[in-house]
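**Student:** Hey, dropping my_file37.txt in here, compact mmCIF, C-alpha atoms and all ligand atoms:
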# COMPACT_ATOMS: atom_id res chain seq x y z
CA MET A 1 -0.63 36.47 5.72
CA ALA A 2 2.24 35.32 3.52
CA GLY A 3 5.04 33.20 4.96
CA ARG A 4 6.91 29.91 4.63
CA ASP A 5 5.32 26.73 5.91
CA PRO A 6 7.95 25.07 8.14
CA ASP A 7 7.01 21.56 6.99
CA THR A 8 6.44 21.92 3.26
CA GLY A 9 8.63 24.97 2.71
CA ALA A 10 5.80 26.32 0.54
CA ASP A 11 4.97 29.98 0.35
CA SER A 12 1.68 30.15 2.26
CA ALA A 13 0.35 32.76 -0.17
CA ALA A 14 1.54 31.08 -3.37
CA GLY A 15 -1.80 29.39 -3.91
CA ASP A 16 -4.06 32.35 -3.06
CA GLY A 17 -7.03 32.35 -5.40
CA VAL A 18 -5.95 29.19 -7.27
CA ARG A 19 -8.76 26.64 -7.58
CA VAL A 20 -7.49 23.07 -7.70
CA ALA A 21 -9.25 19.71 -7.97
CA VAL A 22 -7.30 16.67 -6.82
CA VAL A 23 -8.71 13.35 -8.01
CA GLY A 24 -7.82 10.43 -5.75
CA ALA A 25 -7.52 10.39 -1.94
CA GLY A 26 -4.59 7.99 -1.80
CA ALA A 27 -1.19 8.83 -0.32
CA VAL A 28 -0.22 11.00 -3.30
CA GLY A 29 -3.52 12.85 -3.63
CA VAL A 30 -3.88 13.69 0.07
CA THR A 31 -0.29 14.94 0.22
CA ALA A 32 -0.81 17.18 -2.82
CA ALA A 33 -4.16 18.41 -1.46
CA HIS A 34 -2.59 19.16 1.93
CA ASP A 35 0.39 21.05 0.53
CA LEU A 36 -1.80 23.03 -1.86
CA ALA A 37 -4.26 23.96 0.90
CA VAL A 38 -1.42 25.01 3.21
CA ALA A 39 -0.13 27.21 0.37
CA GLY A 40 -3.51 28.96 0.31
CA ALA A 41 -5.11 27.25 -2.71
CA ASP A 42 -8.83 26.54 -2.83
CA VAL A 43 -8.66 22.72 -2.95
CA THR A 44 -11.33 20.08 -3.50
CA LEU A 45 -10.19 16.47 -3.12
CA PHE A 46 -12.47 13.88 -4.74
CA ASP A 47 -12.48 10.13 -4.22
CA LYS A 48 -14.90 7.66 -5.70
CA GLY A 49 -14.80 5.71 -2.45
CA GLU A 50 -13.40 6.42 0.99
CA VAL A 51 -10.08 8.05 1.84
CA ALA A 52 -7.36 5.37 1.39
CA SER A 53 -9.68 2.99 -0.45
CA GLY A 54 -7.18 2.42 -3.29
CA ALA A 55 -3.69 0.89 -3.29
CA SER A 56 -2.52 3.07 -0.40
CA GLY A 57 -4.87 1.29 2.00
CA ARG A 58 -3.48 -2.06 0.83
CA ALA A 59 0.25 -1.23 0.84
CA ALA A 60 2.86 -2.86 3.05
CA GLY A 61 4.36 0.33 4.43
CA VAL A 62 8.02 -0.52 3.81
CA LEU A 63 9.88 2.81 3.68
CA TYR A 64 13.48 3.54 2.63
CA ASP A 65 15.61 5.87 0.57
CA ALA A 66 17.99 3.14 -0.64
CA TYR A 67 17.61 3.76 -4.35
CA ALA A 68 20.36 3.48 -6.92
CA GLU A 69 19.06 6.37 -9.04
CA ASP A 70 19.79 9.94 -7.98
CA ILE A 71 16.26 11.35 -8.21
CA ASP A 72 14.69 8.31 -6.50
CA ALA A 73 17.17 8.57 -3.63
CA GLU A 74 16.42 12.27 -3.27
CA LEU A 75 12.64 11.71 -3.24
CA GLY A 76 13.03 8.77 -0.84
CA ALA A 77 15.09 10.88 1.57
CA ARG A 78 12.63 13.79 1.44
CA ALA A 79 9.73 11.41 2.00
CA LEU A 80 11.41 9.86 5.06
CA GLU A 81 12.04 13.35 6.42
CA ARG A 82 8.33 14.12 6.17
CA PHE A 83 7.25 10.71 7.55
CA ARG A 84 9.45 11.30 10.60
CA ALA A 85 8.17 14.84 11.07
CA LEU A 86 4.57 13.59 10.96
CA SER A 87 5.13 10.67 13.35
CA GLY A 88 2.99 11.09 16.46
CA THR A 89 0.33 13.15 14.67
CA GLY A 90 -3.13 11.57 14.73
CA ASP A 91 -2.84 7.78 14.35
CA PHE A 92 0.35 7.98 12.34
CA SER A 93 3.64 6.61 13.59
CA PHE A 94 6.92 5.84 11.85
CA THR A 95 8.95 2.93 13.28
CA GLU A 96 12.69 3.01 12.58
CA CYS A 97 13.95 -0.32 11.22
CA PRO A 98 16.89 -1.20 8.95
CA TYR A 99 16.22 -2.62 5.48
CA VAL A 100 18.25 -5.55 4.11
CA MET A 101 18.34 -6.48 0.43
CA LEU A 102 20.05 -9.80 -0.29
CA ALA A 103 20.98 -12.25 -3.04
CA ARG A 104 21.63 -15.96 -2.59
CA GLU A 105 24.75 -17.94 -3.41
CA GLY A 106 24.62 -19.28 -6.96
CA ASP A 107 22.62 -16.25 -8.09
CA ASP A 108 25.76 -14.52 -9.36
CA ASP A 109 24.12 -11.92 -11.61
CA LEU A 110 21.79 -10.83 -8.84
CA ALA A 111 24.61 -10.76 -6.26
CA GLU A 112 26.61 -8.53 -8.59
CA ALA A 113 23.53 -6.37 -9.10
CA VAL A 114 23.06 -5.97 -5.32
CA ARG A 115 26.73 -4.94 -4.93
CA GLY A 116 26.43 -2.49 -7.83
CA ALA A 117 23.16 -1.03 -6.56
CA ALA A 118 24.61 -0.57 -3.04
CA GLU A 119 27.64 1.19 -4.52
CA ARG A 120 25.41 3.56 -6.52
CA MET A 121 23.30 4.20 -3.40
CA ARG A 122 26.46 5.19 -1.50
CA VAL A 123 27.47 7.48 -4.37
CA HIS A 124 24.14 9.25 -3.79
CA GLY A 125 24.98 9.65 -0.11
CA ARG A 126 22.73 6.85 1.17
CA GLU A 127 23.75 5.01 4.35
CA VAL A 128 24.13 1.55 2.82
CA GLU A 129 26.68 -1.13 3.74
CA THR A 130 27.53 -4.30 1.83
CA VAL A 131 28.07 -7.43 3.98
CA ASP A 132 28.41 -11.18 3.42
CA GLY A 133 26.12 -13.85 4.83
CA ASP A 134 28.19 -14.44 8.01
CA GLU A 135 28.24 -10.79 8.94
CA LEU A 136 24.54 -10.42 8.16
CA GLY A 137 23.81 -13.33 10.50
CA GLU A 138 25.87 -11.78 13.30
CA ARG A 139 24.04 -8.48 12.98
CA PHE A 140 20.57 -9.95 12.61
CA PRO A 141 20.37 -13.32 14.42
CA SER A 142 16.68 -13.65 13.51
CA LEU A 143 17.68 -14.19 9.85
CA ARG A 144 19.02 -17.45 8.41
CA THR A 145 21.96 -16.40 6.31
CA GLY A 146 23.94 -19.57 5.43
CA ASP A 147 22.98 -19.30 1.74
CA VAL A 148 23.40 -15.51 1.43
CA ALA A 149 26.06 -14.36 -1.05
CA VAL A 150 25.73 -10.64 -0.37
CA ALA A 151 23.44 -8.22 1.39
CA ALA A 152 23.03 -4.45 1.30
CA VAL A 153 21.98 -3.01 4.66
CA ALA A 154 20.25 0.38 4.56
CA ARG A 155 19.94 2.30 7.82
CA ASN A 156 17.65 5.15 6.77
CA ALA A 157 14.47 3.08 6.71
CA GLY A 158 11.38 2.12 8.67
CA TRP A 159 7.78 1.02 8.42
CA THR A 160 4.30 2.30 9.07
CA ASP A 161 0.63 1.57 8.57
CA PRO A 162 0.00 3.27 5.18
CA GLY A 163 -3.72 3.83 5.81
CA SER A 164 -2.91 5.88 8.91
CA TYR A 165 -0.70 8.20 6.83
CA VAL A 166 -3.49 8.82 4.34
CA THR A 167 -6.22 9.48 6.90
CA THR A 168 -3.95 11.67 9.05
CA VAL A 169 -2.81 13.81 6.10
CA ALA A 170 -6.40 14.01 4.80
CA ASP A 171 -7.45 15.38 8.22
CA LEU A 172 -4.61 17.91 8.09
CA ALA A 173 -5.64 18.90 4.56
CA ALA A 174 -9.21 19.46 5.77
CA SER A 175 -7.91 21.56 8.71
CA ALA A 176 -5.93 23.63 6.20
CA GLY A 177 -9.17 24.30 4.30
CA ALA A 178 -9.39 21.54 1.67
CA GLU A 179 -12.87 20.22 0.95
CA ILE A 180 -12.82 16.41 0.93
CA ARG A 181 -15.55 14.73 -1.07
CA THR A 182 -15.70 10.96 -0.67
CA ASP A 183 -18.10 8.65 -2.55
CA SER A 184 -17.71 11.08 -5.44
CA PRO A 185 -16.48 9.50 -8.66
CA VAL A 186 -15.53 12.15 -11.18
CA ALA A 187 -14.76 12.43 -14.88
CA VAL A 188 -11.96 14.76 -15.95
CA SER A 189 -12.11 17.28 -18.77
CA THR A 190 -9.46 19.37 -20.49
CA ALA A 191 -9.44 22.76 -22.27
CA PRO A 192 -10.49 24.17 -19.85
CA PRO A 193 -9.55 21.89 -16.95
CA GLY A 194 -12.49 20.60 -14.97
CA VAL A 195 -14.20 17.66 -13.31
CA ALA A 196 -17.75 16.36 -13.54
CA VAL A 197 -18.96 14.69 -10.36
CA ALA A 198 -21.17 11.70 -11.21
CA SER A 199 -23.92 12.79 -8.81
CA GLU A 200 -24.00 16.31 -10.31
CA ALA A 201 -23.98 15.27 -13.99
CA PRO A 202 -24.09 16.91 -16.50
CA VAL A 203 -22.50 19.88 -14.65
CA THR A 204 -18.76 20.30 -15.14
CA ARG A 205 -16.93 22.29 -12.48
CA ARG A 206 -14.07 24.41 -13.78
CA PHE A 207 -10.75 24.59 -11.95
CA ASP A 208 -7.47 26.35 -12.63
CA ALA A 209 -5.76 22.96 -12.29
CA VAL A 210 -6.77 19.32 -11.98
CA VAL A 211 -4.34 16.79 -10.47
CA VAL A 212 -5.14 13.21 -11.44
CA ALA A 213 -3.70 10.88 -8.77
CA ALA A 214 -6.26 8.13 -9.31
CA GLY A 215 -3.90 5.14 -9.05
CA ALA A 216 -5.01 2.17 -11.14
CA HIS A 217 -7.86 4.21 -12.69
CA THR A 218 -5.62 7.01 -13.93
CA LYS A 219 -5.15 5.71 -17.48
CA GLN A 220 -8.89 5.17 -17.95
CA LEU A 221 -9.81 8.54 -16.45
CA LEU A 222 -7.39 10.42 -18.69
CA ALA A 223 -8.30 8.36 -21.77
CA ASP A 224 -11.95 9.41 -21.28
CA ALA A 225 -10.67 13.02 -21.33
CA GLY A 226 -8.81 12.37 -24.60
CA VAL A 227 -5.34 12.08 -23.03
CA ALA A 228 -3.35 8.87 -23.62
CA VAL A 229 -0.82 7.79 -20.97
CA PRO A 230 1.13 4.52 -20.96
CA LEU A 231 0.11 2.94 -17.64
CA LYS A 232 -0.80 -0.64 -16.82
CA PRO A 233 -2.34 -1.75 -13.50
CA TYR A 234 -1.10 -5.10 -12.18
CA ARG A 235 -1.70 -7.17 -9.06
CA VAL A 236 0.75 -7.56 -6.17
CA GLN A 237 0.05 -9.42 -2.92
CA ALA A 238 0.74 -9.39 0.79
CA VAL A 239 0.09 -11.46 3.90
CA VAL A 240 0.10 -10.81 7.65
CA SER A 241 1.25 -13.62 9.93
CA ALA A 242 0.23 -13.66 13.58
CA ARG A 243 3.57 -15.19 14.66
CA SER A 244 6.02 -12.61 16.01
CA PHE A 245 9.16 -11.58 14.16
CA ASP A 246 11.86 -9.46 15.76
CA GLY A 247 14.26 -8.54 12.99
CA PRO A 248 15.00 -6.08 10.21
CA MET A 249 12.91 -5.54 7.09
CA TRP A 250 14.36 -7.71 4.35
CA TYR A 251 13.99 -8.34 0.65
CA ASP A 252 15.26 -11.67 -0.68
CA ALA A 253 15.85 -10.68 -4.31
CA SER A 254 16.52 -14.29 -5.33
CA ALA A 255 13.09 -15.35 -4.06
CA GLY A 256 11.27 -12.09 -4.85
CA VAL A 257 9.84 -11.87 -1.32
CA TYR A 258 10.04 -9.09 1.30
CA ALA A 259 9.03 -9.00 4.97
CA ARG A 260 8.85 -6.57 7.86
CA PRO A 261 7.86 -6.62 11.52
CA HIS A 262 4.16 -5.87 12.05
CA PRO A 263 2.17 -5.12 15.24
CA THR A 264 0.39 -8.46 14.74
CA GLY A 265 3.63 -10.36 13.97
CA LEU A 266 5.03 -10.11 10.46
CA LEU A 267 3.95 -8.73 7.09
CA ALA A 268 5.37 -10.27 3.89
CA GLY A 269 4.71 -9.81 0.23
CA ASP A 270 5.40 -9.24 -3.41
CA GLY A 271 3.53 -11.89 -5.44
CA THR A 272 3.68 -9.73 -8.55
CA VAL A 273 1.40 -10.85 -11.38
CA PRO A 274 2.90 -9.05 -14.40
CA VAL A 275 -0.33 -9.01 -16.40
CA GLU A 276 -2.46 -5.92 -17.08
CA ALA A 277 -5.42 -5.96 -14.68
CA ASP A 278 -8.85 -4.41 -15.20
CA PRO A 279 -9.08 -1.71 -12.46
CA ASP A 280 -12.84 -2.37 -12.16
CA ASP A 281 -12.67 -6.15 -12.11
CA TRP A 282 -9.77 -7.86 -10.36
CA ASP A 283 -9.26 -10.46 -7.65
CA ARG A 284 -8.72 -8.82 -4.25
CA ASP A 285 -7.74 -12.08 -2.54
CA ALA A 286 -4.22 -13.48 -2.46
CA ASP A 287 -3.47 -16.44 -4.76
CA ASP A 288 -2.69 -19.89 -3.34
CA TRP A 289 0.65 -20.00 -5.22
CA PHE A 290 1.68 -16.72 -3.57
CA LEU A 291 0.88 -18.02 -0.09
CA ALA A 292 2.81 -21.23 -0.78
CA ASP A 293 5.86 -19.37 -2.16
CA VAL A 294 5.98 -16.71 0.51
CA SER A 295 5.56 -19.31 3.28
CA GLU A 296 8.49 -21.32 1.94
CA THR A 297 10.73 -18.24 1.79
CA LEU A 298 9.72 -17.14 5.30
CA ARG A 299 10.67 -20.57 6.66
CA GLU A 300 14.00 -20.57 4.81
CA ARG A 301 14.99 -16.99 5.51
CA ALA A 302 13.62 -16.37 9.00
CA GLY A 303 12.60 -19.76 10.40
CA HIS A 304 9.12 -18.27 10.38
CA ASP A 305 6.22 -20.67 9.92
CA PRO A 306 3.44 -18.24 9.02
CA ASP A 307 0.16 -18.25 10.90
CA VAL A 308 -1.83 -16.45 8.20
CA GLU A 309 -4.15 -13.87 9.68
CA ARG A 310 -4.94 -11.94 6.53
CA ALA A 311 -3.83 -12.11 2.89
CA TRP A 312 -4.79 -9.80 0.04
CA ALA A 313 -3.97 -8.34 -3.35
CA GLY A 314 -3.89 -4.75 -4.59
CA LEU A 315 -3.12 -2.91 -7.80
CA CYS A 316 0.15 -1.17 -8.65
CA THR A 317 0.78 0.72 -11.89
CA ALA A 318 3.61 0.15 -14.38
CA THR A 319 5.09 2.45 -17.05
CA PRO A 320 7.29 1.54 -20.05
CA ASP A 321 10.54 2.66 -18.35
CA GLY A 322 9.62 1.98 -14.71
CA ASP A 323 9.65 5.69 -13.84
CA PRO A 324 6.47 7.51 -12.82
CA LEU A 325 4.39 9.98 -14.80
CA LEU A 326 4.52 13.23 -12.84
CA GLY A 327 3.59 16.48 -14.54
CA GLU A 328 1.29 18.22 -16.99
CA VAL A 329 -0.49 16.23 -19.70
CA ALA A 330 -2.78 19.05 -20.96
CA ASP A 331 -3.13 22.72 -20.06
CA GLY A 332 -3.81 22.75 -16.31
CA VAL A 333 -4.25 18.96 -16.09
CA LEU A 334 -1.49 17.08 -14.27
CA VAL A 335 -0.91 13.39 -13.67
CA ALA A 336 0.79 11.69 -10.71
CA ALA A 337 0.85 7.90 -11.15
CA GLY A 338 2.92 4.92 -12.32
CA TRP A 339 4.90 4.15 -9.16
CA GLN A 340 5.88 0.52 -9.91
CA GLY A 341 5.21 -0.61 -6.35
CA HIS A 342 7.11 2.29 -4.74
CA GLY A 343 4.32 4.86 -4.64
CA PHE A 344 3.64 4.93 -0.94
CA MET A 345 7.17 5.39 0.33
CA ARG A 346 7.76 8.34 -2.01
CA ALA A 347 4.28 9.92 -1.71
CA PRO A 348 5.20 12.71 0.76
CA ALA A 349 7.79 13.86 -1.80
CA THR A 350 5.92 13.20 -5.06
CA GLY A 351 2.73 14.78 -3.71
CA GLU A 352 4.82 17.77 -2.71
CA ALA A 353 6.44 17.90 -6.14
CA ILE A 354 3.13 17.88 -8.03
CA ALA A 355 1.72 20.56 -5.70
CA GLY A 356 4.80 22.66 -6.46
CA GLN A 357 4.18 22.28 -10.18
CA VAL A 358 0.57 23.41 -9.83
CA LEU A 359 1.75 26.54 -8.02
CA GLY A 360 4.50 27.18 -10.54
CA GLU A 361 7.07 26.80 -7.77
CA GLY A 362 9.14 24.25 -9.65
CA GLY A 363 8.85 20.67 -8.48
CA GLY A 364 9.03 19.45 -12.08
CA ILE A 365 11.25 16.39 -12.50
CA ALA A 366 12.45 16.10 -16.12
CA GLN A 367 12.99 12.32 -15.86
CA PHE A 368 9.33 11.84 -14.84
CA ASP A 369 7.80 14.25 -17.38
CA PRO A 370 4.85 12.40 -18.97
CA GLY A 371 5.73 14.17 -22.24
CA ARG A 372 8.55 11.63 -22.72
CA PHE A 373 5.87 9.22 -24.02
CA ASP A 374 3.30 9.41 -26.81
CA GLY A 375 0.88 7.40 -24.68
CA ASP A 376 0.37 4.46 -27.01
CA GLU A 377 3.64 2.64 -26.23
CA GLU A 378 3.51 -1.14 -26.00
CA PHE A 379 5.46 -2.57 -23.09
CA GLU A 380 5.83 -5.48 -20.71
CA ILE A 381 5.13 -5.01 -17.00
CA SER A 382 8.38 -5.33 -15.04
CA GLU A 383 8.45 -6.18 -11.36
CA GLY A 384 8.34 -3.23 -8.97
CA MET A 385 10.85 -4.28 -6.31
CA ALA A 386 13.90 -4.94 -8.38
CA VAL A 387 17.70 -4.85 -8.71
CA GLU A 388 19.00 -4.24 -12.20
CA THR A 389 21.23 -7.00 -13.61
CA ASP A 390 23.45 -6.75 -16.68
CA ASP A 391 20.95 -8.69 -18.78
CA GLY A 392 17.96 -6.48 -17.98
CA ALA A 393 15.69 -5.16 -15.27
CA GLU A 394 15.55 -8.05 -12.86
CA ASN A 395 15.01 -5.93 -9.80
CA ARG A 396 14.43 -2.19 -9.35
CA SER A 397 15.40 -1.32 -5.79
C1 LIG A 401 0.05 -5.35 -1.47
C2 LIG A 401 0.74 -4.05 -1.76
C3 LIG A 401 1.90 -3.70 -1.08
C4 LIG A 401 2.55 -2.49 -1.35
N1 LIG A 401 3.63 -2.14 -0.59
C5 LIG A 401 4.23 -0.95 -0.78
C6 LIG A 401 5.31 -0.54 0.05
O1 LIG A 401 5.69 -1.24 0.99
N2 LIG A 401 5.90 0.65 -0.21
C7 LIG A 401 5.49 1.45 -1.24
O2 LIG A 401 6.08 2.49 -1.45
N3 LIG A 401 4.45 1.10 -2.01
C8 LIG A 401 3.81 -0.07 -1.83
N4 LIG A 401 2.77 -0.44 -2.62
C9 LIG A 401 2.37 0.45 -3.71
C10 LIG A 401 1.52 1.58 -3.18
O3 LIG A 401 0.37 1.04 -2.56
C11 LIG A 401 1.07 2.51 -4.31
O4 LIG A 401 2.15 2.82 -5.18
C12 LIG A 401 0.56 3.83 -3.72
O5 LIG A 401 -0.29 3.57 -2.63
C13 LIG A 401 -0.18 4.62 -4.78
O6 LIG A 401 -0.79 5.74 -4.17
P1 LIG A 401 -1.71 6.67 -5.01
O7 LIG A 401 -2.14 7.78 -4.13
O8 LIG A 401 -1.01 7.03 -6.28
O9 LIG A 401 -2.94 5.76 -5.48
P2 LIG A 401 -4.12 5.07 -4.66
O10 LIG A 401 -3.80 4.85 -3.24
O11 LIG A 401 -4.54 3.88 -5.46
O12 LIG A 401 -5.28 6.16 -4.70
C14 LIG A 401 -6.00 6.44 -5.87
C15 LIG A 401 -7.41 6.85 -5.45
O13 LIG A 401 -8.10 7.33 -6.60
C16 LIG A 401 -9.46 7.03 -6.43
N5 LIG A 401 -10.13 7.12 -7.73
C17 LIG A 401 -9.96 6.31 -8.81
N6 LIG A 401 -10.77 6.70 -9.80
C18 LIG A 401 -11.46 7.78 -9.36
C19 LIG A 401 -12.47 8.62 -9.94
N7 LIG A 401 -12.93 8.45 -11.18
N8 LIG A 401 -12.96 9.63 -9.19
C20 LIG A 401 -12.51 9.85 -7.91
N9 LIG A 401 -11.58 9.07 -7.34
C21 LIG A 401 -11.06 8.05 -8.05
C22 LIG A 401 -9.44 5.62 -5.84
O14 LIG A 401 -10.65 5.34 -5.16
C23 LIG A 401 -8.24 5.70 -4.91
O15 LIG A 401 -8.62 5.97 -3.55
C24 LIG A 401 2.07 -1.63 -2.36
C25 LIG A 401 0.90 -1.97 -3.05
C26 LIG A 401 0.21 -3.14 -2.74
C27 LIG A 401 -1.05 -3.45 -3.49
Could you write out this structure as structure tokens?
**Tutor:**
Amino acid sequence: MAGRDPDTGADSAAGDGVRVAVVGAGAVGVTAAHDLAVAGADVTLFDKGEVASGASGRAAGVLYDAYAEDIDAELGARALERFRALSGTGDFSFTECPYVMLAREGDDDLAEAVRGAAERMRVHGREVETVDGDELGERFPSLRTGDVAVAAVARNAGWTDPGSYVTTVADLAASAGAEIRTDSPVAVSTAPPGVAVASEAPVTRRFDAVVVAAGAHTKQLLADAGVAVPLKPYRVQAVVSARSFDGPMWYDASAGVYARPHPTGLLAGDGTVPVEADPDDWDRDADDWFLADVSETLRERAGHDPDVERAWAGLCTATPDGDPLLGEVADGVLVAAGWQGHGFMRAPATGEAIAGQVLGEGGGIAQFDPGRFDGDEEFEISEGMAVETDDGAENRS
């Protein structure tokens, strides 16, 4: 029976009879698969490994809508709305926690950039205040703030365990009728859209639409189908410390390090390595230099001497302009990738947007249209968490 889904807002009959393959059971793929299945589409979700075996299972789970760009702020806000609505379902929970972005004294360009970014966030209706080091210290006594020039404090923020989002939404997608095929690497084909499952080769299954949300493998997968997209995978790193931390989430833009409370103690990260990585051959362990740098910043910023319980790396994907590729790349073949380190926190909204495009219900975002590129662009990888300074993209938050 037709109707509106109270969560997604989708017309529950909009997908009737539409056969869709979603490639990649990360945060974006499971969201798209769920929304499409709820809308009545006949969905098969393929992953070459397990659900959440890509970047989503390695993410930090820092969530906020404090973006300086209009569309990012809108997607961030929608994503938070869905994270909150889902909290308490299955293993998934969303923990409210403010997010602080700061620049140090002497780092004048960055301090100016933080002020400017906070102002633009407010223009977009985000709840963001600008405070100096003294005020920051009064509000958050667990932070050391003597060297802070300026901080932006965002209230609409929180954290979660990203893997629990992916597995919970995958379960909901299955309950809504999606078939979930793990350990099933696929190849994509165009004209007509289809996928070939490695174990069923040489059979190609035809679909009305194929959504490629394959994270770091997206460029390779589409290239094999004759579609060029400008994406570069790169390593970022994180660490969990077993020592407790009772404070806000924070990003020290001068040091390029972020941290958040974690059930075990504290989670910290960034450790961006701005070099194109091979998605089939990369180092999954954290580098020694990252652990040394992050430990120093944790001591300086939070008096936290880390007791390292676990440290790791994962792959993010970069694009030439730092914006994602979200939309059609060939008839019935759509891409959803290139999140520059912000793919998890926006996934409930970007997955929803790509599902909307498949169903012809809108959802297209002109700024993210992959057609803005030829696919063979040469570009440098810029850091994901960033605040833009006058002399270039220093920081993208
Ligand atoms: C250490 C670290 C910390 C991070 N912290 C944050 C954070 O705090 N907030 C945030 O927003 N983002 C964060 N990110 C980024 C975030 O993890 C990614 O942007 C996001 O998870 C991407 O989700 P996805 O669904 O697009 O891709 P993925 O989660 O990578 O999923 C892609 C899936 O595609 C599958 N696949 C690939 N090839 C094939 C094939 N041929 N056939 C079938 N399946 C295939 C893979 O197995 C994988 O499961 C972090 C990343 C890392 C590494």
**Student:** With 6 Å as the cut-off and all atoms listed in the file counted, what is the closest atom pair between each nearby residue of chain A and ligand LIG 401 (chain A)? Distances in Å to one decimal, ordered by chain and number, as CSV.
**Tutor:**
residue,atom,partner,partner_atom,distance
A:Val23,CA,A:LIG401,C20,5.2
A:Gly24,CA,A:LIG401,O13,3.2
A:Ala25,CA,A:LIG401,O15,4.8
A:Gly26,CA,A:LIG401,O7,3.4
A:Ala27,CA,A:LIG401,O7,4.1
A:Val28,CA,A:LIG401,O7,3.8
A:Gly29,CA,A:LIG401,O7,5.3
A:Phe46,CA,A:LIG401,C20,5.1
A:Asp47,CA,A:LIG401,N9,3.4
A:Lys48,CA,A:LIG401,C20,3.9
A:Gly49,CA,A:LIG401,O14,5.0
A:Val51,CA,A:LIG401,O15,6.0
A:Ala52,CA,A:LIG401,O15,5.1
A:Ser53,CA,A:LIG401,O15,4.4
A:Gly54,CA,A:LIG401,O11,3.7
A:Ala55,CA,A:LIG401,O11,3.8
A:Ser56,CA,A:LIG401,O5,3.2
A:Arg58,CA,A:LIG401,C27,5.1
A:Ala59,CA,A:LIG401,C4,3.4
A:Ala60,CA,A:LIG401,N1,3.8
A:Gly61,CA,A:LIG401,O1,4.0
A:Val62,CA,A:LIG401,O1,3.7
A:Leu63,CA,A:LIG401,N2,6.0
A:Ser184,CA,A:LIG401,C20,5.9
A:Pro185,CA,A:LIG401,N8,3.6
A:Val186,CA,A:LIG401,N8,4.1
A:Ala187,CA,A:LIG401,N7,5.7
A:Ala213,CA,A:LIG401,O8,5.3
A:Ala214,CA,A:LIG401,O13,3.4
A:Gly215,CA,A:LIG401,O9,3.7
A:Ala216,CA,A:LIG401,O11,6.0
A:His217,CA,A:LIG401,N6,4.8
A:Val236,CA,A:LIG401,C27,5.2
A:Gln237,CA,A:LIG401,C1,4.3
A:Ala238,CA,A:LIG401,C1,4.7
A:Ala313,CA,A:LIG401,C1,5.4
A:Gly314,CA,A:LIG401,C27,3.3
A:Leu315,CA,A:LIG401,C27,4.8
A:Cys316,CA,A:LIG401,C9,5.7
A:Ala337,CA,A:LIG401,O8,5.3
A:Trp339,CA,A:LIG401,O4,5.0
A:Gly341,CA,A:LIG401,C9,4.0
A:His342,CA,A:LIG401,O2,3.5
A:Gly343,CA,A:LIG401,O4,3.0
A:Phe344,CA,A:LIG401,O2,3.5
A:Met345,CA,A:LIG401,O2,3.6
**Student:** What's the 9 Å shell around Gly15 of chain A, counting all atoms listed in the file, without same-chain residues fewer than 6 positions away, as a PyMOL selection string?
**Tutor:** chain A and resi 36-42+358-359
**Student:** By how many Å are atom CA of Ala154 of chain A and atom CA of Gly125 of chain A apart?
**Tutor:** 11.4 Å
**Student:** In Å, how far is it from atom CA of Ala21 of chain A to atom CA of Thr204 of chain A?
**Tutor:** 11.9 Å
**Student:** Draw an axis-aligned box tight on the listed atoms of segment 35-54 of chain A, then pad every side by 8 Å and write out centre and edge lengths in Å to one decimal as lines of an AutoDock Vina configuration file.
**Tutor:**
center_x = -7.3
center_y = 15.7
center_z = -1.2
size_x = 31.3
size_y = 42.5
size_z = 24.9
**Student:** Hey, which of A:Ala225, A:Val131, A:Val210, A:Met249 ends up closest to Leu45 of chain A? Count all atoms listed in the file.
**Tutor:**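 Using all atoms listed in the file, the shortest distance to Leu45 of chain A belongs to A:Val210.
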**Student:** When distances are computed from all atoms listed in the file, which of A:Ala311, A:Val153, A:Ala68, A:Val43 shows the smallest separation from Ile180 of chain A?
**Tutor:**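 Distance minimum relative to Ile180 of chain A lands on A:Val43.
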**Student:** Closest to Trp159 of chain A among A:Ala191, A:Ala259, A:Leu326, A:Val30, using only C-alpha atoms?
**Tutor:**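 When distances to Trp159 of chain A are compared using only C-alpha atoms, the smallest one comes from A:Ala259.
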**Student:** Grab the atom CA of Gly247 of chain A to atom CA of Ala111 of chain A distance for me, in Å with one decimal place.
**Tutor:**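 Taking atom CA of Gly247 of chain A as the start and atom CA of Ala111 of chain A as the end point, the length is 22.0 Å.
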**Student:** Give me the segment 145-248 of chain A side of the contact with segment 117-124 of chain A, cut-off 12 Å, one line per residue showing its nearest atom pair and distance in Å at one decimal, counting all atoms listed in the file, sorted by chain and residue number, as CSV.
**Tutor:**
residue,atom,partner,partner_atom,distance
A:Val150,CA,A:Ala118,CA,10.5
A:Ala151,CA,A:Ala118,CA,8.9
A:Ala152,CA,A:Ala118,CA,6.0
A:Val153,CA,A:Ala118,CA,8.5
A:Ala154,CA,A:Ala118,CA,8.8
A:Arg155,CA,A:Arg122,CA,11.7
A:Asn156,CA,A:Met121,CA,11.7
**Student:** Which is closer to Glu361 of chain A than all the others in A:Ala14, A:Thr167, A:Ala228, A:Asp252, using all atoms listed in the file?
**Tutor:**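 For Glu361 of chain A, the nearest of the given residues is A:Ala14.
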**Student:** Tell me, counting all atoms listed in the file, for each residue of segment 229-337 of chain A within 9 Å of segment 104-109 of chain A, which pair of atoms is nearest and how far apart they are in Å to one decimal, in rows ordered by chain and increasing number, as a tab-separated table.
**Tutor:**
residue	atom	partner	partner_atom	distance
A:Asp252	CA	A:Arg104	CA	7.9
A:Ala253	CA	A:Arg104	CA	8.0
A:Ser254	CA	A:Arg104	CA	6.0
A:Ala255	CA	A:Arg104	CA	8.7
